[in-house]
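For reference, data-v3.cif is printed below; it contains mmCIF, N, CA, C and O atoms.
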data_work
#
loop_
_atom_site.label_atom_id
_atom_site.label_comp_id
_atom_site.auth_asym_id
_atom_site.auth_seq_id
_atom_site.Cartn_x
_atom_site.Cartn_y
_atom_site.Cartn_z
N MET A 988 -5.71 -3.30 40.89
CA MET A 988 -6.15 -4.42 40.05
C MET A 988 -4.91 -5.22 39.64
O MET A 988 -3.90 -4.66 39.25
N ASP A 989 -5.00 -6.52 39.70
CA ASP A 989 -3.89 -7.41 39.41
C ASP A 989 -3.77 -7.64 37.90
O ASP A 989 -4.53 -8.41 37.31
N LYS A 990 -2.80 -6.95 37.28
CA LYS A 990 -2.61 -7.03 35.83
C LYS A 990 -2.37 -8.47 35.38
O LYS A 990 -2.90 -8.91 34.36
N GLU A 991 -1.57 -9.21 36.15
CA GLU A 991 -1.25 -10.58 35.78
C GLU A 991 -2.52 -11.45 35.76
O GLU A 991 -2.70 -12.27 34.86
N MET A 992 -3.39 -11.26 36.73
CA MET A 992 -4.64 -12.03 36.78
C MET A 992 -5.52 -11.69 35.58
O MET A 992 -6.09 -12.57 34.95
N ILE A 993 -5.61 -10.40 35.26
CA ILE A 993 -6.43 -9.97 34.12
C ILE A 993 -5.87 -10.54 32.82
O ILE A 993 -6.61 -11.08 31.99
N ASP A 994 -4.55 -10.45 32.65
CA ASP A 994 -3.92 -11.02 31.44
C ASP A 994 -4.18 -12.52 31.35
O ASP A 994 -4.44 -13.05 30.26
N ASN A 995 -4.10 -13.20 32.47
CA ASN A 995 -4.34 -14.65 32.52
C ASN A 995 -5.78 -14.97 32.12
O ASN A 995 -6.03 -15.89 31.33
N VAL A 996 -6.74 -14.20 32.63
CA VAL A 996 -8.14 -14.41 32.30
C VAL A 996 -8.37 -14.14 30.81
O VAL A 996 -9.06 -14.92 30.14
N ILE A 997 -7.79 -13.08 30.29
CA ILE A 997 -7.94 -12.76 28.87
C ILE A 997 -7.42 -13.92 28.01
O ILE A 997 -8.07 -14.33 27.05
N GLU A 998 -6.26 -14.46 28.38
CA GLU A 998 -5.68 -15.57 27.61
C GLU A 998 -6.59 -16.81 27.67
O GLU A 998 -6.83 -17.46 26.66
N LYS A 999 -7.12 -17.11 28.86
CA LYS A 999 -8.03 -18.25 29.00
C LYS A 999 -9.32 -18.04 28.20
O LYS A 999 -9.84 -18.98 27.61
N LEU A 1000 -9.82 -16.80 28.19
CA LEU A 1000 -11.03 -16.50 27.43
C LEU A 1000 -10.78 -16.66 25.93
O LEU A 1000 -11.63 -17.17 25.20
N LYS A 1001 -9.61 -16.22 25.46
CA LYS A 1001 -9.27 -16.38 24.04
C LYS A 1001 -9.22 -17.86 23.67
O LYS A 1001 -9.71 -18.26 22.61
N ASN A 1002 -8.63 -18.66 24.55
CA ASN A 1002 -8.55 -20.10 24.30
C ASN A 1002 -9.95 -20.72 24.27
O ASN A 1002 -10.24 -21.56 23.40
N ALA A 1003 -10.80 -20.33 25.20
CA ALA A 1003 -12.17 -20.85 25.24
C ALA A 1003 -12.90 -20.46 23.96
O ALA A 1003 -13.62 -21.29 23.37
N ALA A 1004 -12.75 -19.22 23.52
CA ALA A 1004 -13.41 -18.76 22.30
C ALA A 1004 -12.93 -19.58 21.10
O ALA A 1004 -13.74 -19.98 20.25
N ASP A 1005 -11.63 -19.85 21.03
CA ASP A 1005 -11.08 -20.66 19.92
C ASP A 1005 -11.72 -22.04 19.90
O ASP A 1005 -12.11 -22.54 18.84
N VAL A 1006 -11.82 -22.67 21.07
CA VAL A 1006 -12.43 -24.00 21.16
C VAL A 1006 -13.90 -23.94 20.74
O VAL A 1006 -14.38 -24.82 20.01
N LEU A 1007 -14.59 -22.91 21.17
CA LEU A 1007 -16.01 -22.76 20.80
C LEU A 1007 -16.16 -22.55 19.30
O LEU A 1007 -17.06 -23.11 18.68
N TYR A 1008 -15.28 -21.73 18.71
CA TYR A 1008 -15.34 -21.52 17.25
C TYR A 1008 -15.08 -22.83 16.50
O TYR A 1008 -15.59 -23.03 15.40
N GLN A 1009 -14.30 -23.73 17.10
CA GLN A 1009 -14.02 -25.02 16.47
C GLN A 1009 -15.18 -25.99 16.61
O GLN A 1009 -15.16 -27.08 16.05
N GLY A 1010 -16.20 -25.61 17.40
CA GLY A 1010 -17.40 -26.42 17.52
C GLY A 1010 -17.47 -27.33 18.73
O GLY A 1010 -18.44 -28.07 18.89
N ASP A 1011 -16.47 -27.26 19.61
CA ASP A 1011 -16.49 -28.11 20.81
C ASP A 1011 -17.12 -27.31 21.96
O ASP A 1011 -16.43 -26.73 22.79
N VAL A 1012 -18.46 -27.33 21.99
CA VAL A 1012 -19.21 -26.52 22.96
C VAL A 1012 -18.92 -26.98 24.39
O VAL A 1012 -18.71 -26.16 25.28
N ASP A 1013 -18.90 -28.30 24.62
CA ASP A 1013 -18.67 -28.80 25.97
C ASP A 1013 -17.32 -28.36 26.52
O ASP A 1013 -17.23 -27.84 27.64
N LYS A 1014 -16.27 -28.56 25.74
CA LYS A 1014 -14.92 -28.18 26.19
C LYS A 1014 -14.82 -26.67 26.37
O LYS A 1014 -14.23 -26.20 27.34
N GLY A 1015 -15.41 -25.91 25.47
CA GLY A 1015 -15.38 -24.44 25.58
C GLY A 1015 -16.09 -23.95 26.82
O GLY A 1015 -15.62 -23.04 27.50
N MET A 1016 -17.22 -24.59 27.15
CA MET A 1016 -17.95 -24.18 28.34
C MET A 1016 -17.16 -24.53 29.60
O MET A 1016 -17.16 -23.76 30.57
N VAL A 1017 -16.47 -25.66 29.59
CA VAL A 1017 -15.62 -26.03 30.74
C VAL A 1017 -14.50 -25.01 30.90
O VAL A 1017 -14.22 -24.55 32.02
N GLN A 1018 -13.86 -24.64 29.79
CA GLN A 1018 -12.79 -23.64 29.86
C GLN A 1018 -13.31 -22.30 30.34
O GLN A 1018 -12.67 -21.62 31.14
N LEU A 1019 -14.47 -21.91 29.85
CA LEU A 1019 -15.07 -20.65 30.29
C LEU A 1019 -15.38 -20.72 31.79
O LEU A 1019 -15.10 -19.78 32.52
N GLY A 1020 -15.92 -21.84 32.22
CA GLY A 1020 -16.22 -22.01 33.64
C GLY A 1020 -14.98 -21.93 34.51
O GLY A 1020 -15.05 -21.46 35.65
N GLY A 1021 -13.84 -22.34 33.95
CA GLY A 1021 -12.59 -22.27 34.69
C GLY A 1021 -12.10 -20.86 34.94
O GLY A 1021 -11.20 -20.64 35.76
N THR A 1022 -12.68 -19.88 34.28
CA THR A 1022 -12.27 -18.49 34.47
C THR A 1022 -13.20 -17.74 35.42
O THR A 1022 -12.91 -16.61 35.80
N LEU A 1023 -14.32 -18.36 35.79
CA LEU A 1023 -15.35 -17.64 36.55
C LEU A 1023 -14.86 -17.08 37.88
O LEU A 1023 -15.16 -15.93 38.21
N ALA A 1024 -14.11 -17.86 38.64
CA ALA A 1024 -13.66 -17.38 39.96
C ALA A 1024 -12.78 -16.14 39.81
O ALA A 1024 -12.97 -15.15 40.53
N ASP A 1025 -11.84 -16.19 38.87
CA ASP A 1025 -10.97 -15.03 38.65
C ASP A 1025 -11.75 -13.85 38.10
O ASP A 1025 -11.49 -12.70 38.48
N MET A 1026 -12.72 -14.11 37.21
CA MET A 1026 -13.54 -13.01 36.69
C MET A 1026 -14.32 -12.34 37.81
O MET A 1026 -14.45 -11.12 37.83
N GLU A 1027 -14.84 -13.14 38.74
CA GLU A 1027 -15.58 -12.56 39.88
C GLU A 1027 -14.69 -11.62 40.68
O GLU A 1027 -15.13 -10.54 41.07
N ILE A 1028 -13.45 -12.04 40.93
CA ILE A 1028 -12.52 -11.20 41.69
C ILE A 1028 -12.25 -9.90 40.95
O ILE A 1028 -12.27 -8.81 41.54
N ILE A 1029 -12.02 -10.00 39.64
CA ILE A 1029 -11.74 -8.81 38.84
C ILE A 1029 -12.94 -7.88 38.83
O ILE A 1029 -12.82 -6.67 39.04
N ILE A 1030 -14.12 -8.43 38.59
CA ILE A 1030 -15.34 -7.62 38.53
C ILE A 1030 -15.60 -6.94 39.86
O ILE A 1030 -15.98 -5.77 39.91
N ALA A 1031 -15.37 -7.66 40.96
CA ALA A 1031 -15.57 -7.09 42.29
C ALA A 1031 -14.63 -5.90 42.52
O ALA A 1031 -14.95 -4.98 43.28
N GLY A 1032 -13.47 -5.93 41.86
CA GLY A 1032 -12.50 -4.85 42.03
C GLY A 1032 -12.74 -3.65 41.14
O GLY A 1032 -12.03 -2.65 41.25
N ILE A 1033 -13.72 -3.72 40.27
CA ILE A 1033 -14.03 -2.59 39.38
C ILE A 1033 -14.85 -1.58 40.16
O ILE A 1033 -15.94 -1.88 40.64
N SER A 1034 -14.31 -0.37 40.30
CA SER A 1034 -15.00 0.64 41.10
C SER A 1034 -16.04 1.42 40.28
O SER A 1034 -16.97 1.98 40.85
N GLU A 1035 -15.87 1.44 38.97
CA GLU A 1035 -16.81 2.19 38.12
C GLU A 1035 -18.08 1.37 37.91
O GLU A 1035 -18.06 0.32 37.27
N GLU A 1036 -19.18 1.88 38.43
CA GLU A 1036 -20.45 1.17 38.32
C GLU A 1036 -20.88 1.03 36.85
O GLU A 1036 -21.40 0.00 36.45
N GLU A 1037 -20.59 2.04 36.05
CA GLU A 1037 -20.97 2.01 34.63
C GLU A 1037 -20.24 0.87 33.90
O GLU A 1037 -20.84 0.15 33.10
N LEU A 1038 -18.97 0.67 34.22
CA LEU A 1038 -18.20 -0.40 33.60
C LEU A 1038 -18.70 -1.77 34.07
O LEU A 1038 -18.81 -2.70 33.28
N GLN A 1039 -19.02 -1.88 35.35
CA GLN A 1039 -19.58 -3.14 35.87
C GLN A 1039 -20.89 -3.47 35.15
O GLN A 1039 -21.11 -4.61 34.76
N ASN A 1040 -21.75 -2.47 34.99
CA ASN A 1040 -23.03 -2.69 34.32
C ASN A 1040 -22.83 -3.08 32.86
O ASN A 1040 -23.54 -3.96 32.35
N LYS A 1041 -21.87 -2.44 32.18
CA LYS A 1041 -21.59 -2.78 30.78
C LYS A 1041 -21.16 -4.24 30.69
O LYS A 1041 -21.61 -4.98 29.82
N LEU A 1042 -20.30 -4.64 31.60
CA LEU A 1042 -19.81 -6.02 31.62
C LEU A 1042 -20.96 -6.99 31.82
O LEU A 1042 -21.06 -7.99 31.12
N MET A 1043 -21.83 -6.69 32.75
CA MET A 1043 -22.95 -7.58 33.04
C MET A 1043 -23.97 -7.60 31.90
O MET A 1043 -24.39 -8.66 31.45
N ASP A 1044 -24.36 -6.41 31.43
CA ASP A 1044 -25.44 -6.30 30.45
C ASP A 1044 -25.01 -6.69 29.03
O ASP A 1044 -25.77 -7.33 28.30
N ASP A 1045 -23.80 -6.31 28.64
CA ASP A 1045 -23.35 -6.52 27.26
C ASP A 1045 -22.62 -7.84 27.05
O ASP A 1045 -22.50 -8.30 25.92
N ALA A 1046 -22.11 -8.41 28.13
CA ALA A 1046 -21.29 -9.62 27.96
C ALA A 1046 -21.80 -10.80 28.77
O ALA A 1046 -22.16 -11.82 28.20
N LEU A 1047 -21.82 -10.67 30.07
CA LEU A 1047 -22.08 -11.86 30.90
C LEU A 1047 -23.51 -12.39 30.78
O LEU A 1047 -23.70 -13.59 30.63
N ALA A 1048 -24.49 -11.51 30.83
CA ALA A 1048 -25.88 -11.99 30.70
C ALA A 1048 -26.12 -12.65 29.34
O ALA A 1048 -26.68 -13.75 29.28
N PRO A 1049 -25.68 -12.03 28.23
CA PRO A 1049 -25.85 -12.70 26.94
C PRO A 1049 -25.07 -14.02 26.82
O PRO A 1049 -25.54 -14.96 26.18
N ILE A 1050 -23.89 -14.09 27.45
CA ILE A 1050 -23.12 -15.34 27.42
C ILE A 1050 -23.89 -16.44 28.14
O ILE A 1050 -23.96 -17.57 27.66
N LEU A 1051 -24.48 -16.12 29.28
CA LEU A 1051 -25.28 -17.12 30.01
C LEU A 1051 -26.44 -17.61 29.14
O LEU A 1051 -26.74 -18.80 29.11
N SER A 1052 -27.08 -16.70 28.44
CA SER A 1052 -28.18 -17.07 27.55
C SER A 1052 -27.68 -18.00 26.45
O SER A 1052 -28.32 -19.01 26.13
N ALA A 1053 -26.53 -17.67 25.86
CA ALA A 1053 -25.96 -18.51 24.80
C ALA A 1053 -25.56 -19.88 25.35
O ALA A 1053 -25.69 -20.89 24.67
N MET A 1054 -25.10 -19.91 26.60
CA MET A 1054 -24.75 -21.19 27.22
C MET A 1054 -25.99 -22.07 27.37
O MET A 1054 -25.94 -23.27 27.12
N GLU A 1055 -27.09 -21.46 27.81
CA GLU A 1055 -28.33 -22.21 27.96
C GLU A 1055 -28.78 -22.80 26.63
O GLU A 1055 -29.33 -23.90 26.58
N GLN A 1056 -28.54 -22.06 25.55
CA GLN A 1056 -28.93 -22.53 24.21
C GLN A 1056 -27.84 -23.38 23.57
O GLN A 1056 -28.03 -23.87 22.44
N ARG A 1057 -26.72 -23.54 24.26
CA ARG A 1057 -25.57 -24.30 23.76
C ARG A 1057 -25.13 -23.78 22.38
O ARG A 1057 -24.79 -24.55 21.49
N ASP A 1058 -25.14 -22.46 22.23
CA ASP A 1058 -24.74 -21.81 20.98
C ASP A 1058 -23.27 -21.39 21.11
O ASP A 1058 -22.95 -20.30 21.60
N GLY A 1059 -22.38 -22.26 20.67
CA GLY A 1059 -20.95 -22.03 20.81
C GLY A 1059 -20.45 -20.82 20.05
O GLY A 1059 -19.60 -20.08 20.54
N THR A 1060 -20.98 -20.60 18.85
CA THR A 1060 -20.53 -19.46 18.05
C THR A 1060 -20.92 -18.15 18.72
O THR A 1060 -20.11 -17.22 18.79
N GLU A 1061 -22.15 -18.07 19.24
CA GLU A 1061 -22.57 -16.85 19.92
C GLU A 1061 -21.74 -16.62 21.17
O GLU A 1061 -21.33 -15.49 21.45
N MET A 1062 -21.48 -17.68 21.93
CA MET A 1062 -20.63 -17.54 23.12
C MET A 1062 -19.25 -17.01 22.72
O MET A 1062 -18.73 -16.09 23.36
N ALA A 1063 -18.66 -17.60 21.70
CA ALA A 1063 -17.33 -17.18 21.25
C ALA A 1063 -17.33 -15.73 20.79
O ALA A 1063 -16.41 -14.97 21.13
N ASP A 1064 -18.36 -15.33 20.04
CA ASP A 1064 -18.46 -13.94 19.59
C ASP A 1064 -18.57 -12.99 20.78
O ASP A 1064 -17.91 -11.94 20.82
N LEU A 1065 -19.39 -13.34 21.76
CA LEU A 1065 -19.57 -12.47 22.93
C LEU A 1065 -18.28 -12.38 23.75
O LEU A 1065 -17.92 -11.31 24.24
N ILE A 1066 -17.59 -13.50 23.88
CA ILE A 1066 -16.30 -13.49 24.59
C ILE A 1066 -15.32 -12.59 23.86
O ILE A 1066 -14.65 -11.74 24.46
N THR A 1067 -15.24 -12.76 22.54
CA THR A 1067 -14.25 -12.05 21.72
C THR A 1067 -14.55 -10.56 21.59
O THR A 1067 -13.63 -9.73 21.70
N TYR A 1068 -15.82 -10.22 21.36
CA TYR A 1068 -16.15 -8.83 21.01
C TYR A 1068 -16.77 -8.01 22.15
O TYR A 1068 -16.87 -6.78 22.02
N GLU A 1069 -17.17 -8.65 23.24
CA GLU A 1069 -17.76 -7.91 24.36
C GLU A 1069 -16.94 -8.07 25.64
O GLU A 1069 -16.57 -7.09 26.27
N LEU A 1070 -16.66 -9.31 26.02
CA LEU A 1070 -16.03 -9.58 27.31
C LEU A 1070 -14.55 -9.21 27.33
O LEU A 1070 -14.10 -8.43 28.18
N ILE A 1071 -13.78 -9.74 26.38
CA ILE A 1071 -12.34 -9.46 26.37
C ILE A 1071 -12.03 -7.97 26.25
O ILE A 1071 -11.18 -7.47 27.00
N PRO A 1072 -12.72 -7.22 25.37
CA PRO A 1072 -12.39 -5.78 25.29
C PRO A 1072 -12.60 -5.04 26.61
O PRO A 1072 -11.83 -4.12 26.92
N VAL A 1073 -13.58 -5.43 27.40
CA VAL A 1073 -13.79 -4.77 28.70
C VAL A 1073 -12.61 -5.09 29.62
O VAL A 1073 -12.06 -4.20 30.27
N PHE A 1074 -12.20 -6.35 29.66
CA PHE A 1074 -11.05 -6.71 30.51
C PHE A 1074 -9.79 -6.02 30.04
O PHE A 1074 -8.95 -5.63 30.85
N GLU A 1075 -9.63 -5.85 28.72
CA GLU A 1075 -8.44 -5.18 28.19
C GLU A 1075 -8.37 -3.72 28.63
O GLU A 1075 -7.27 -3.16 28.76
N THR A 1076 -9.50 -3.09 28.88
CA THR A 1076 -9.49 -1.70 29.35
C THR A 1076 -8.98 -1.60 30.78
O THR A 1076 -8.60 -0.52 31.23
N LEU A 1077 -8.97 -2.71 31.50
CA LEU A 1077 -8.55 -2.71 32.90
C LEU A 1077 -7.05 -2.89 33.06
O LEU A 1077 -6.51 -2.67 34.14
N VAL A 1078 -6.37 -3.32 32.00
CA VAL A 1078 -4.93 -3.61 32.10
C VAL A 1078 -4.13 -2.33 32.06
O VAL A 1078 -4.41 -1.43 31.35
#

Could you spell out this file's structure in structure tokens?
Amino acid sequence: MDKEMIDNVIEKLKNAADVLYQGDVDKGMVQLGGTLADMEIIIAGISEEELQNKLMDDALAPILSAMEQRDGTEMADLITYELIPVFETLV
């Protein structure tokens, strides 16, 4: 697993969460979208099925739902408290 890529994604996710907490949903969603390709690569490299499922069920699926509802605070909370901690376990 590429530690530098994971660290880069974590930093981008933190920035997106900050923007979302500030109320700029459009900009936060664009920043989040900018991490998708790298997140896909990282997720594909996770060999533990349980960790992949946790990432999908606890973070990514709820984030997509929050995006559909344009709920910036919920997206930021999910990024901060669900998504980033999973990526941090990979470093």

Residues returned when the PyMOL selection byres ((chain A and resi 1060-1077) around 8) runs on this file, as a PyMOL selection string: chain A and resi 988-990+993-994+996-997+1000-1001+1003-1010+1012+1038+1041-1042+1045-1047+1049-1054+1057-1059+1078

Going by DSSP on the backbone, which residues of chain A come out as alpha helix (DSSP H)? List them as a VMD selection string. chain A and resid 990 to 1008 1012 to 1020 1023 to 1031 1036 to 1041 1048 to 1055 1059 to 1065 1071 to 1077

What is the CA of Lys999 (chain A) to CA of Gln1018 (chain A) distance in Å?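 Pair CA of Lys999 (chain A) / CA of Gln1018 (chain A) returns 7.2 Å.
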
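In this comparison, which uses only C-alpha atoms, the residue of A:Met1016, A:Ile1033, A:Leu1023, A:Ala1048 approaching Asn1002 (chain A) most closely is A:Met1016.
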
Contacts of Met992 (chain A) at 8 Å (all atoms listed in the file; same-chain gap of 6+ positions) as a PyMOL selection string: chain A and resi 998-999+1022+1025-1026+1029
